[in-house]
$ cat coords34.cif   # mmCIF, C-alpha atoms
data_structure
#
loop_
_atom_site.group_PDB
_atom_site.id
_atom_site.type_symbol
_atom_site.label_atom_id
_atom_site.label_comp_id
_atom_site.auth_asym_id
_atom_site.auth_seq_id
_atom_site.Cartn_x
_atom_site.Cartn_y
_atom_site.Cartn_z
ATOM 1 C CA MET A 208 64.012 104.717 -250.290
ATOM 2 C CA LYS A 209 64.522 107.935 -248.379
ATOM 3 C CA SER A 210 65.459 111.091 -250.234
ATOM 4 C CA VAL A 211 68.240 113.608 -249.604
ATOM 5 C CA THR A 212 68.826 117.099 -251.004
ATOM 6 C CA LEU A 213 72.268 118.705 -250.732
ATOM 7 C CA ILE A 214 72.033 122.484 -251.049
ATOM 8 C CA ILE A 215 75.117 124.131 -252.544
ATOM 9 C CA PRO A 216 75.174 127.965 -252.426
ATOM 10 C CA CYS A 217 77.399 129.339 -255.212
ATOM 11 C CA PHE A 218 78.816 132.785 -255.839
ATOM 12 C CA ASN A 219 81.546 132.993 -258.492
ATOM 13 C CA GLU A 220 82.679 129.399 -257.890
ATOM 14 C CA ALA A 221 83.396 128.412 -261.516
ATOM 15 C CA ASP A 222 86.963 127.337 -260.665
ATOM 16 C CA VAL A 223 85.915 124.717 -258.140
ATOM 17 C CA LEU A 224 82.481 123.419 -259.180
ATOM 18 C CA THR A 225 83.730 120.546 -261.346
ATOM 19 C CA LEU A 226 85.930 119.247 -258.522
ATOM 20 C CA LEU A 227 83.061 119.555 -256.071
ATOM 21 C CA PHE A 228 80.613 117.737 -258.342
ATOM 22 C CA LYS A 229 83.005 114.834 -258.910
ATOM 23 C CA GLU A 230 83.742 114.467 -255.207
ATOM 24 C CA ILE A 231 80.081 114.527 -254.150
ATOM 25 C CA VAL A 232 79.069 112.048 -256.858
ATOM 26 C CA LYS A 233 81.890 109.719 -255.800
ATOM 27 C CA MET A 234 81.004 110.006 -252.113
ATOM 28 C CA THR A 235 77.271 109.448 -252.557
ATOM 29 C CA ALA A 236 77.545 106.571 -255.064
ATOM 30 C CA PRO A 237 77.728 103.802 -252.388
ATOM 31 C CA LEU A 238 74.686 105.295 -250.632
ATOM 32 C CA ARG A 239 72.316 105.216 -253.603
ATOM 33 C CA GLU A 240 71.044 101.754 -252.777
ATOM 34 C CA LYS A 241 69.399 103.290 -249.715
ATOM 35 C CA TYR A 242 68.897 106.963 -250.614
ATOM 36 C CA THR A 243 67.966 109.026 -253.637
ATOM 37 C CA PHE A 244 70.006 112.212 -253.954
ATOM 38 C CA LYS A 245 69.360 115.654 -255.367
ATOM 39 C CA LEU A 246 72.067 118.284 -255.712
ATOM 40 C CA LEU A 247 70.427 121.707 -255.512
ATOM 41 C CA PHE A 248 72.830 124.413 -256.686
ATOM 42 C CA VAL A 249 71.775 127.963 -255.795
ATOM 43 C CA ASN A 250 73.524 130.494 -258.028
ATOM 44 C CA ASP A 251 73.706 133.702 -256.001
ATOM 45 C CA GLY A 252 74.044 136.175 -258.880
ATOM 46 C CA SER A 253 77.473 134.982 -260.029
ATOM 47 C CA SER A 254 79.246 137.071 -262.676
ATOM 48 C CA ASP A 255 81.509 134.255 -263.924
ATOM 49 C CA ALA A 256 80.637 130.954 -265.631
ATOM 50 C CA THR A 257 79.105 129.394 -262.514
ATOM 51 C CA LEU A 258 75.578 129.168 -263.935
ATOM 52 C CA ASP A 259 76.759 127.695 -267.247
ATOM 53 C CA ILE A 260 78.701 124.983 -265.425
ATOM 54 C CA ILE A 261 75.703 124.154 -263.230
ATOM 55 C CA LYS A 262 73.499 123.886 -266.327
ATOM 56 C CA SER A 263 75.997 121.484 -267.884
ATOM 57 C CA PHE A 264 75.731 119.308 -264.752
ATOM 58 C CA ALA A 265 71.923 119.375 -265.045
ATOM 59 C CA GLN A 266 72.105 118.214 -268.664
ATOM 60 C CA ARG A 267 74.251 115.262 -267.671
ATOM 61 C CA SER A 268 72.412 114.206 -264.516
ATOM 62 C CA GLU A 269 68.741 114.293 -263.525
ATOM 63 C CA MET A 270 69.656 114.588 -259.867
ATOM 64 C CA VAL A 271 71.066 118.107 -260.433
ATOM 65 C CA LYS A 272 68.618 120.940 -259.823
ATOM 66 C CA TYR A 273 69.410 124.623 -259.765
ATOM 67 C CA ILE A 274 67.996 127.985 -258.770
ATOM 68 C CA SER A 275 69.545 131.152 -260.132
ATOM 69 C CA PHE A 276 68.961 134.549 -258.499
ATOM 70 C CA SER A 277 68.440 137.762 -260.448
ATOM 71 C CA ARG A 278 71.376 139.308 -258.556
ATOM 72 C CA ASN A 279 73.604 138.659 -255.553
ATOM 73 C CA PHE A 280 71.408 138.368 -252.446
ATOM 74 C CA GLY A 281 73.977 136.720 -250.157
ATOM 75 C CA LYS A 282 74.610 133.253 -248.764
ATOM 76 C CA GLU A 283 71.811 133.530 -246.204
ATOM 77 C CA ALA A 284 69.271 134.021 -248.989
ATOM 78 C CA ALA A 285 70.799 131.163 -250.991
ATOM 79 C CA MET A 286 70.503 128.749 -248.068
ATOM 80 C CA LEU A 287 66.920 129.872 -247.421
ATOM 81 C CA ALA A 288 65.947 129.330 -251.065
ATOM 82 C CA GLY A 289 67.455 125.851 -251.017
ATOM 83 C CA MET A 290 65.649 124.869 -247.814
ATOM 84 C CA ARG A 291 62.363 126.385 -249.011
ATOM 85 C CA TYR A 292 62.292 124.391 -252.252
ATOM 86 C CA ALA A 293 63.905 121.153 -251.068
ATOM 87 C CA ASP A 294 61.154 118.532 -250.838
ATOM 88 C CA THR A 295 63.086 115.531 -249.517
ATOM 89 C CA ASP A 296 63.221 113.622 -246.231
ATOM 90 C CA TYR A 297 66.651 115.004 -245.368
ATOM 91 C CA VAL A 298 68.207 118.309 -246.368
ATOM 92 C CA GLY A 299 71.907 119.151 -246.223
ATOM 93 C CA ILE A 300 73.956 122.291 -246.762
ATOM 94 C CA ILE A 301 77.533 122.218 -248.037
ATOM 95 C CA ASP A 302 79.802 124.991 -249.326
ATOM 96 C CA ALA A 303 80.934 124.945 -252.942
ATOM 97 C CA ASP A 304 84.593 125.698 -252.192
ATOM 98 C CA LEU A 305 85.341 122.191 -250.796
ATOM 99 C CA GLN A 306 86.280 123.577 -247.388
ATOM 100 C CA HIS A 307 83.445 121.339 -246.188
ATOM 101 C CA SER A 308 84.488 117.744 -246.657
ATOM 102 C CA PRO A 309 81.912 115.527 -248.449
ATOM 103 C CA ASP A 310 83.562 112.594 -246.660
ATOM 104 C CA LEU A 311 81.340 113.341 -243.645
ATOM 105 C CA ILE A 312 78.071 112.918 -245.556
ATOM 106 C CA PRO A 313 77.673 109.134 -244.928
ATOM 107 C CA GLU A 314 78.280 109.554 -241.176
ATOM 108 C CA MET A 315 75.913 112.510 -240.996
ATOM 109 C CA LEU A 316 73.166 110.594 -242.767
ATOM 110 C CA HIS A 317 73.637 107.658 -240.424
ATOM 111 C CA ALA A 318 73.259 109.978 -237.424
ATOM 112 C CA VAL A 319 69.899 111.400 -238.547
ATOM 113 C CA ASP A 320 68.556 108.201 -240.090
ATOM 114 C CA GLU A 321 69.726 105.521 -237.670
ATOM 115 C CA GLU A 322 70.794 107.177 -234.401
ATOM 116 C CA GLY A 323 67.725 109.308 -233.732
ATOM 117 C CA TYR A 324 69.319 112.730 -234.109
ATOM 118 C CA ASP A 325 67.439 115.539 -235.844
ATOM 119 C CA VAL A 326 70.535 117.382 -237.041
ATOM 120 C CA ALA A 327 74.073 116.294 -237.882
ATOM 121 C CA ALA A 328 76.408 119.273 -238.116
ATOM 122 C CA ALA A 329 80.108 119.872 -238.625
ATOM 123 C CA CYS A 330 82.108 121.609 -235.928
ATOM 124 C CA ARG A 331 85.542 122.877 -236.876
ATOM 125 C CA THR A 332 88.486 121.780 -234.754
ATOM 126 C CA ASP A 333 90.871 124.487 -235.984
ATOM 127 C CA ARG A 334 90.991 127.657 -238.071
ATOM 128 C CA GLU A 335 93.802 126.586 -240.348
ATOM 129 C CA GLY A 336 94.115 128.808 -243.401
ATOM 130 C CA GLU A 337 92.239 131.682 -241.765
ATOM 131 C CA SER A 338 93.938 134.999 -241.086
ATOM 132 C CA ARG A 339 94.706 135.929 -237.476
ATOM 133 C CA LEU A 340 92.550 139.051 -237.759
ATOM 134 C CA LYS A 341 89.545 137.070 -238.990
ATOM 135 C CA SER A 342 90.005 134.436 -236.280
ATOM 136 C CA PHE A 343 90.292 137.104 -233.582
ATOM 137 C CA LEU A 344 87.209 139.009 -234.788
ATOM 138 C CA SER A 345 85.194 135.802 -235.098
ATOM 139 C CA GLY A 346 86.170 134.612 -231.609
ATOM 140 C CA THR A 347 85.379 138.015 -230.100
ATOM 141 C CA PHE A 348 81.991 138.139 -231.807
ATOM 142 C CA TYR A 349 80.871 134.777 -230.426
ATOM 143 C CA LYS A 350 82.060 135.664 -226.925
ATOM 144 C CA VAL A 351 80.015 138.873 -227.041
ATOM 145 C CA ILE A 352 76.836 137.386 -228.515
ATOM 146 C CA ASN A 353 76.867 134.412 -226.139
ATOM 147 C CA ARG A 354 77.130 136.756 -223.163
ATOM 148 C CA ILE A 355 74.205 138.985 -224.141
ATOM 149 C CA SER A 356 71.951 136.567 -226.036
ATOM 150 C CA GLU A 357 69.371 134.173 -224.614
ATOM 151 C CA ILE A 358 70.781 131.336 -226.728
ATOM 152 C CA THR A 359 74.288 129.892 -226.823
ATOM 153 C CA ILE A 360 75.806 129.578 -230.291
ATOM 154 C CA ASN A 361 78.658 127.143 -230.782
ATOM 155 C CA ASP A 362 81.509 129.360 -231.994
ATOM 156 C CA ASN A 363 82.983 126.505 -234.040
ATOM 157 C CA ALA A 364 79.702 125.458 -235.687
ATOM 158 C CA GLN A 365 79.576 125.431 -239.472
ATOM 159 C CA ASP A 366 76.726 125.696 -241.951
ATOM 160 C CA PHE A 367 77.713 122.217 -243.166
ATOM 161 C CA ARG A 368 74.931 119.974 -241.841
ATOM 162 C CA ILE A 369 72.159 117.499 -242.651
ATOM 163 C CA MET A 370 68.696 118.015 -241.148
ATOM 164 C CA LYS A 371 65.424 116.151 -240.926
ATOM 165 C CA ARG A 372 62.363 117.525 -242.704
ATOM 166 C CA LYS A 373 60.772 118.871 -239.502
ATOM 167 C CA VAL A 374 63.883 120.906 -238.691
ATOM 168 C CA VAL A 375 63.932 122.477 -242.152
ATOM 169 C CA ASP A 376 60.216 123.282 -241.937
ATOM 170 C CA ALA A 377 60.781 125.041 -238.599
ATOM 171 C CA ILE A 378 63.654 127.104 -240.019
ATOM 172 C CA VAL A 379 61.776 128.091 -243.181
ATOM 173 C CA SER A 380 58.683 129.058 -241.151
ATOM 174 C CA MET A 381 60.583 131.885 -239.448
ATOM 175 C CA PRO A 382 59.429 135.006 -241.323
ATOM 176 C CA GLU A 383 62.308 137.451 -240.862
ATOM 177 C CA SER A 384 64.039 138.655 -244.008
ATOM 178 C CA ILE A 385 67.302 139.650 -242.272
ATOM 179 C CA ARG A 386 68.555 136.216 -241.344
ATOM 180 C CA PHE A 387 71.418 134.943 -239.194
ATOM 181 C CA SER A 388 71.329 131.215 -239.829
ATOM 182 C CA LYS A 389 73.760 130.129 -237.106
ATOM 183 C CA GLY A 390 71.447 131.758 -234.569
ATOM 184 C CA ILE A 391 68.329 130.331 -236.229
ATOM 185 C CA PHE A 392 69.809 126.823 -236.286
ATOM 186 C CA THR A 393 70.370 127.105 -232.529
ATOM 187 C CA TRP A 394 67.079 128.836 -231.736
ATOM 188 C CA VAL A 395 64.847 126.122 -233.260
ATOM 189 C CA GLY A 396 66.467 123.525 -231.013
ATOM 190 C CA PHE A 397 66.176 119.768 -231.773
ATOM 191 C CA ARG A 398 68.704 117.017 -231.061
ATOM 192 C CA ILE A 399 72.030 117.661 -232.735
ATOM 193 C CA LYS A 400 75.143 115.554 -233.159
ATOM 194 C CA TRP A 401 78.412 117.397 -233.772
ATOM 195 C CA PHE A 402 81.068 116.046 -236.088
ATOM 196 C CA PRO A 403 84.650 117.324 -235.595
ATOM 197 C CA HIS A 404 85.869 118.759 -238.868
ATOM 198 C CA GLU A 405 89.311 120.024 -239.799
ATOM 199 C CA ASN A 406 89.254 123.280 -241.706
ATOM 200 C CA ARG A 407 90.277 122.704 -245.337
ATOM 201 C CA GLU A 408 91.869 125.103 -247.768
ATOM 202 C CA ARG A 409 89.748 126.250 -250.667
ATOM 203 C CA ALA A 410 90.236 123.950 -253.655
ATOM 204 C CA ALA A 411 90.343 126.986 -255.953
ATOM 205 C CA GLY A 412 89.333 130.636 -256.103
ATOM 206 C CA GLU A 413 89.244 133.179 -253.298
ATOM 207 C CA THR A 414 87.043 133.590 -250.243
ATOM 208 C CA LYS A 415 83.976 135.782 -250.700
ATOM 209 C CA TRP A 416 83.886 136.810 -247.028
ATOM 210 C CA SER A 417 85.586 140.178 -246.612
ATOM 211 C CA VAL A 418 86.005 141.872 -243.217
ATOM 212 C CA LYS A 419 83.184 144.240 -244.191
ATOM 213 C CA LYS A 420 80.795 141.366 -244.937
ATOM 214 C CA LEU A 421 81.776 139.586 -241.722
ATOM 215 C CA ALA A 422 81.150 142.779 -239.729
ATOM 216 C CA LYS A 423 77.670 143.135 -241.259
ATOM 217 C CA TYR A 424 76.984 139.455 -240.543
ATOM 218 C CA ALA A 425 78.031 139.950 -236.918
ATOM 219 C CA ILE A 426 75.766 142.989 -236.498
ATOM 220 C CA ASP A 427 72.829 141.076 -237.989
ATOM 221 C CA GLY A 428 73.492 138.260 -235.540
ATOM 222 C CA ILE A 429 73.642 140.485 -232.472
ATOM 223 C CA LEU A 430 70.603 142.575 -233.389
ATOM 224 C CA GLY A 431 68.620 139.536 -234.471
ATOM 225 C CA PHE A 432 69.055 137.484 -231.313
ATOM 226 C CA THR A 433 69.297 139.912 -228.410
ATOM 227 C CA SER A 434 67.712 143.150 -227.280
ATOM 228 C CA SER A 435 70.499 143.827 -224.771
ATOM 229 C CA PRO A 436 71.925 146.805 -226.728
ATOM 230 C CA LEU A 437 68.613 148.604 -226.160
ATOM 231 C CA ARG A 438 69.421 148.625 -222.441
ATOM 232 C CA LEU A 439 72.705 150.450 -222.999
ATOM 233 C CA PRO A 440 71.068 153.905 -222.904
ATOM 234 C CA LEU A 441 69.858 153.126 -219.367
ATOM 235 C CA TYR A 442 73.336 152.036 -218.298
ATOM 236 C CA PHE A 443 74.938 155.060 -219.952
ATOM 237 C CA GLY A 444 72.392 157.312 -218.259
ATOM 238 C CA ILE A 445 73.215 155.900 -214.813
ATOM 239 C CA LEU A 446 76.971 156.203 -215.440
ATOM 240 C CA SER A 447 76.642 159.750 -216.739
ATOM 241 C CA CYS A 448 74.628 160.781 -213.685
ATOM 242 C CA LEU A 449 77.238 159.280 -211.370
ATOM 243 C CA ALA A 450 80.017 160.943 -213.350
ATOM 244 C CA ALA A 451 78.218 164.291 -213.159
ATOM 245 C CA VAL A 452 77.858 163.983 -209.378
ATOM 246 C CA VAL A 453 81.532 163.079 -208.937
ATOM 247 C CA LEU A 454 82.668 165.926 -211.183
ATOM 248 C CA GLY A 455 80.390 168.342 -209.346
ATOM 249 C CA ILE A 456 81.765 167.366 -205.946
ATOM 250 C CA TYR A 457 85.343 167.504 -207.221
ATOM 251 C CA GLY A 458 84.812 170.931 -208.788
ATOM 252 C CA PHE A 459 83.151 172.280 -205.643
ATOM 253 C CA VAL A 460 86.004 171.049 -203.434
ATOM 254 C CA ARG A 461 88.613 172.538 -205.761
ATOM 255 C CA VAL A 462 86.873 175.910 -205.844
ATOM 256 C CA CYS A 463 86.611 176.022 -202.052
ATOM 257 C CA MET A 464 90.366 175.558 -201.624
ATOM 258 C CA PRO A 465 91.994 179.046 -201.304
ATOM 259 C CA THR A 466 95.194 178.249 -203.209
ATOM 260 C CA ALA A 467 93.697 176.038 -205.908
ATOM 261 C CA GLU A 468 92.967 177.101 -209.429
ATOM 262 C CA PHE A 469 90.484 175.021 -211.351
ATOM 263 C CA PRO A 470 89.562 175.777 -214.982
ATOM 264 C CA MET A 471 85.797 175.429 -214.870
ATOM 265 C CA TYR A 472 85.486 175.714 -218.634
ATOM 266 C CA ALA A 473 87.496 172.464 -218.988
ATOM 267 C CA LEU A 474 85.092 170.681 -216.672
ATOM 268 C CA LEU A 475 82.121 172.017 -218.592
ATOM 269 C CA LEU A 476 83.593 171.121 -221.968
ATOM 270 C CA GLY A 477 84.450 167.590 -220.826
ATOM 271 C CA ALA A 478 80.939 167.069 -219.486
ATOM 272 C CA ILE A 479 79.391 168.276 -222.758
ATOM 273 C CA LEU A 480 81.596 166.018 -224.873
ATOM 274 C CA PHE A 481 80.934 163.062 -222.587
ATOM 275 C CA MET A 482 77.177 163.473 -222.729
ATOM 276 C CA SER A 483 77.210 164.101 -226.481
ATOM 277 C CA GLY A 484 79.090 160.858 -227.065
ATOM 278 C CA ILE A 485 76.617 158.885 -224.953
ATOM 279 C CA ILE A 486 73.635 160.426 -226.757
ATOM 280 C CA LEU A 487 75.123 159.638 -230.169
ATOM 281 C CA CYS A 488 75.861 156.032 -229.143
ATOM 282 C CA CYS A 489 72.308 155.575 -227.898
ATOM 283 C CA LEU A 490 70.848 157.082 -231.050
ATOM 284 C CA GLY A 491 73.047 154.776 -233.150
ATOM 285 C CA ILE A 492 71.813 151.680 -231.294
ATOM 286 C CA LEU A 493 68.177 152.740 -231.597
ATOM 287 C CA GLY A 494 68.763 153.535 -235.267
ATOM 288 C CA GLU A 495 70.055 150.025 -235.968
ATOM 289 C CA TYR A 496 66.973 148.434 -234.425
ATOM 290 C CA LEU A 497 64.666 150.921 -236.162
ATOM 291 C CA ALA A 498 66.341 150.111 -239.492
ATOM 292 C CA ARG A 499 65.592 146.426 -238.957
ATOM 293 C CA VAL A 500 61.948 147.196 -238.157
ATOM 294 C CA TYR A 501 61.745 149.315 -241.313
ATOM 295 C CA THR A 502 63.301 146.584 -243.453
ATOM 296 C CA GLU A 503 61.046 143.870 -242.065
ATOM 297 C CA SER A 504 57.922 146.037 -242.423
ATOM 298 C CA LYS A 505 58.433 146.316 -246.190
ATOM 299 C CA ARG A 506 57.992 142.522 -246.479
ATOM 300 C CA ARG A 507 60.228 142.281 -249.504
ATOM 301 C CA PRO A 508 61.242 138.746 -250.536
ATOM 302 C CA SER A 509 64.662 137.537 -249.428
ATOM 303 C CA PHE A 510 65.547 136.679 -253.030
ATOM 304 C CA VAL A 511 64.262 136.871 -256.611
ATOM 305 C CA ILE A 512 64.606 133.850 -258.903
ATOM 306 C CA SER A 513 65.550 134.514 -262.516
ATOM 307 C CA GLU A 514 65.591 130.900 -263.731
ATOM 308 C CA THR A 515 65.411 127.343 -262.456
ATOM 309 C CA ASN A 516 64.839 123.760 -263.618
ATOM 310 C CA ILE A 517 62.561 122.928 -260.680
ATOM 311 C CA LYS A 518 59.081 122.544 -262.138
ATOM 312 C CA ASN A 519 56.990 123.711 -259.182
ATOM 313 C CA ILE A 520 58.732 127.100 -258.855
ATOM 314 C CA LYS A 521 57.241 130.132 -260.523
ATOM 315 C CA GLU A 522 60.074 132.373 -261.753
#
$ encode --input "coords34.cif" --output "structure tokens"
Amino acid sequence: MKSVTLIIPCFNEADVLTLLFKEIVKMTAPLREKYTFKLLFVNDGSSDATLDIIKSFAQRSEMVKYISFSRNFGKEAAMLAGMRYADTDYVGIIDADLQHSPDLIPEMLHAVDEEGYDVAAACRTDREGESRLKSFLSGTFYKVINRISEITINDNAQDFRIMKRKVVDAIVSMPESIRFSKGIFTWVGFRIKWFPHENRERAAGETKWSVKKLAKYAIDGILGFTSSPLRLPLYFGILSCLAAVVLGIYGFVRVCMPTAEFPMYALLLGAILFMSGIILCCLGILGEYLARVYTESKRRPSFVISETNIKNIKE
């Protein structure tokens, strides 16, 4: 029998975990003649009863494993921890809020086990239940990153997926601590089959993705998968030189005209402000990349485990 691990990142999901557990157990029951399942819950420093509920699942079922972080490290760290410690033939990722439909699990498994695909991933067909602002910002981000990056990221791709062991090993082998999984999933390649998936409302609770967190996620994605922003200083330099030449010619022509009055101080002030803005933008871009180099150079772990029921993990 082949083995499957479903990784479930959790952050303050106490309201929905029981519903999720029942639905996954129901959906995987017909598949247990062919596969053995593990449900690996990763508690990302929740402050509610999430960990207690997960422990109650583990007491009732041997297939439930859990990892609990010492604090909130973020969903990226939770997914990495799950993939690092999953030891099965196939590894899946599914959100705890039931926006990812467990109904797709049998079809996904069939795709990677019978059809020769390396990855089976969900691709949303709509953004129902998402605010217009969030949808606009998300769409804009993917348009920008796909224009300047060397890889093309599907803007409707979701983290909900099932992968073969070799795909997971390739993802885990990437050493960076600031991770943008959607980019990493694309960068490693492999054959992928997309499954159309209608966006579902959360079964309970509230979304943990604020505009601030989404903005940080977008910046991590852009800086992690393209060096194009580093070329902006060159472009700004060329534009500023051209602007300076045009302003110089315009000022000279105005001064040479006998009846014209041209306030030279305004021209000078505008040029200073223009150049100052360009310099500050360039310094900001370089600072972002330098900050990433500094963070990566410290080689700190992406997460710290406080407790787990997986025997081969040292807490």
$ residues_around --input "coords34.cif" --residues "A:Ile215" --least-positions-apart "4" --cutoff "10 Å" --atoms "all atoms listed in the file" --output "NGL selection string"
:A and (224 or 227 or 246-250 or 273 or 282 or 285-286 or 289 or 299-304 or 367)
$ write_last_selection --input "coords34.cif" --atoms "C-alpha atoms" --output "PDB file, in the coordinates of the input"
ATOM      1  CA  LEU A 224      82.481 123.419-259.180  1.00  0.00           C
ATOM      2  CA  LEU A 227      83.061 119.555-256.071  1.00  0.00           C
ATOM      3  CA  LEU A 246      72.067 118.284-255.712  1.00  0.00           C
ATOM      4  CA  LEU A 247      70.427 121.707-255.512  1.00  0.00           C
ATOM      5  CA  PHE A 248      72.830 124.413-256.686  1.00  0.00           C
ATOM      6  CA  VAL A 249      71.775 127.963-255.795  1.00  0.00           C
ATOM      7  CA  ASN A 250      73.524 130.494-258.028  1.00  0.00           C
ATOM      8  CA  TYR A 273      69.410 124.623-259.765  1.00  0.00           C
ATOM      9  CA  LYS A 282      74.610 133.253-248.764  1.00  0.00           C
ATOM     10  CA  ALA A 285      70.799 131.163-250.991  1.00  0.00           C
ATOM     11  CA  MET A 286      70.503 128.749-248.068  1.00  0.00           C
ATOM     12  CA  GLY A 289      67.455 125.851-251.017  1.00  0.00           C
ATOM     13  CA  GLY A 299      71.907 119.151-246.223  1.00  0.00           C
ATOM     14  CA  ILE A 300      73.956 122.291-246.762  1.00  0.00           C
ATOM     15  CA  ILE A 301      77.533 122.218-248.037  1.00  0.00           C
ATOM     16  CA  ASP A 302      79.802 124.991-249.326  1.00  0.00           C
ATOM     17  CA  ALA A 303      80.934 124.945-252.942  1.00  0.00           C
ATOM     18  CA  ASP A 304      84.593 125.698-252.192  1.00  0.00           C
ATOM     19  CA  PHE A 367      77.713 122.217-243.166  1.00  0.00           C
TER      20      PHE A 367
END
$ residues_around --input "coords34.cif" --residues "stretch 259-267 of chain A" --least-positions-apart "3" --cutoff "12 Å" --atoms "only C-alpha atoms" --output "PyMOL selection string"
chain A and resi 215-229+232+245-250+253-256+270-275+303+514-517
$ write_last_selection --input "coords34.cif" --atoms "C-alpha atoms" --output "JSON list (two decimals), in the frame of the given file"
[["chain", "number", "residue", "atom", "x", "y", "z"],
["A", 215, "ILE", "CA", 75.12, 124.13, -252.54],
["A", 216, "PRO", "CA", 75.17, 127.96, -252.43],
["A", 217, "CYS", "CA", 77.40, 129.34, -255.21],
["A", 218, "PHE", "CA", 78.82, 132.78, -255.84],
["A", 219, "ASN", "CA", 81.55, 132.99, -258.49],
["A", 220, "GLU", "CA", 82.68, 129.40, -257.89],
["A", 221, "ALA", "CA", 83.40, 128.41, -261.52],
["A", 222, "ASP", "CA", 86.96, 127.34, -260.67],
["A", 223, "VAL", "CA", 85.92, 124.72, -258.14],
["A", 224, "LEU", "CA", 82.48, 123.42, -259.18],
["A", 225, "THR", "CA", 83.73, 120.55, -261.35],
["A", 226, "LEU", "CA", 85.93, 119.25, -258.52],
["A", 227, "LEU", "CA", 83.06, 119.56, -256.07],
["A", 228, "PHE", "CA", 80.61, 117.74, -258.34],
["A", 229, "LYS", "CA", 83.00, 114.83, -258.91],
["A", 232, "VAL", "CA", 79.07, 112.05, -256.86],
["A", 245, "LYS", "CA", 69.36, 115.65, -255.37],
["A", 246, "LEU", "CA", 72.07, 118.28, -255.71],
["A", 247, "LEU", "CA", 70.43, 121.71, -255.51],
["A", 248, "PHE", "CA", 72.83, 124.41, -256.69],
["A", 249, "VAL", "CA", 71.78, 127.96, -255.80],
["A", 250, "ASN", "CA", 73.52, 130.49, -258.03],
["A", 253, "SER", "CA", 77.47, 134.98, -260.03],
["A", 254, "SER", "CA", 79.25, 137.07, -262.68],
["A", 255, "ASP", "CA", 81.51, 134.26, -263.92],
["A", 256, "ALA", "CA", 80.64, 130.95, -265.63],
["A", 270, "MET", "CA", 69.66, 114.59, -259.87],
["A", 271, "VAL", "CA", 71.07, 118.11, -260.43],
["A", 272, "LYS", "CA", 68.62, 120.94, -259.82],
["A", 273, "TYR", "CA", 69.41, 124.62, -259.76],
["A", 274, "ILE", "CA", 68.00, 127.98, -258.77],
["A", 275, "SER", "CA", 69.54, 131.15, -260.13],
["A", 303, "ALA", "CA", 80.93, 124.94, -252.94],
["A", 514, "GLU", "CA", 65.59, 130.90, -263.73],
["A", 515, "THR", "CA", 65.41, 127.34, -262.46],
["A", 516, "ASN", "CA", 64.84, 123.76, -263.62],
["A", 517, "ILE", "CA", 62.56, 122.93, -260.68]]
$ atom_distance --input "coords34.cif" --atom1 "atom CA of A:Met315" --atom2 "atom CA of A:Met234"
12.5 Å
$ atom_distance --input "coords34.cif" --atom1 "atom CA of A:Ser210" --atom2 "atom CA of A:Ile391"
24.0 Å
$ resolve_selection --input "coords34.cif" --expression "the PyMOL selection byres ((chain A and resi 316) around 9)" --output "ChimeraX atom specification"
/A:211,297,311-315,317-321,327,369-370
$ closest_residue --input "coords34.cif" --among "A:Val511, A:Leu475, A:Ile520, A:Ala377" --to "A:Arg278" --atoms "all atoms listed in the file"
A:Val511
$ closest_residue --input "coords34.cif" --among "A:Ser509, A:Ser277, A:Gln306, A:Thr235" --to "A:Ile385" --atoms "all atoms listed in the file"
A:Ser509
$ closest_residue --input "coords34.cif" --among "A:Leu446, A:Ala293, A:Ile512, A:Leu287" --to "A:Ser388" --atoms "only C-alpha atoms"
A:Leu287
$ resolve_selection --input "coords34.cif" --expression "the PyMOL selection byres ((chain A and resi 279) around 7)" --output "list in words"
Asp251, Gly252, Ser253, Phe276, Arg278, Phe280 and Gly281 of chain A
$ closest_residue --input "coords34.cif" --among "A:Ile456, A:Phe402, A:Ile231, A:Val374" --to "A:Leu305" --atoms "all atoms listed in the file"
A:Ile231
$ closest_residue --input "coords34.cif" --among "A:Leu493, A:Val298, A:Ala284, A:Ile214" --to "A:Val375" --atoms "only C-alpha atoms"
A:Val298
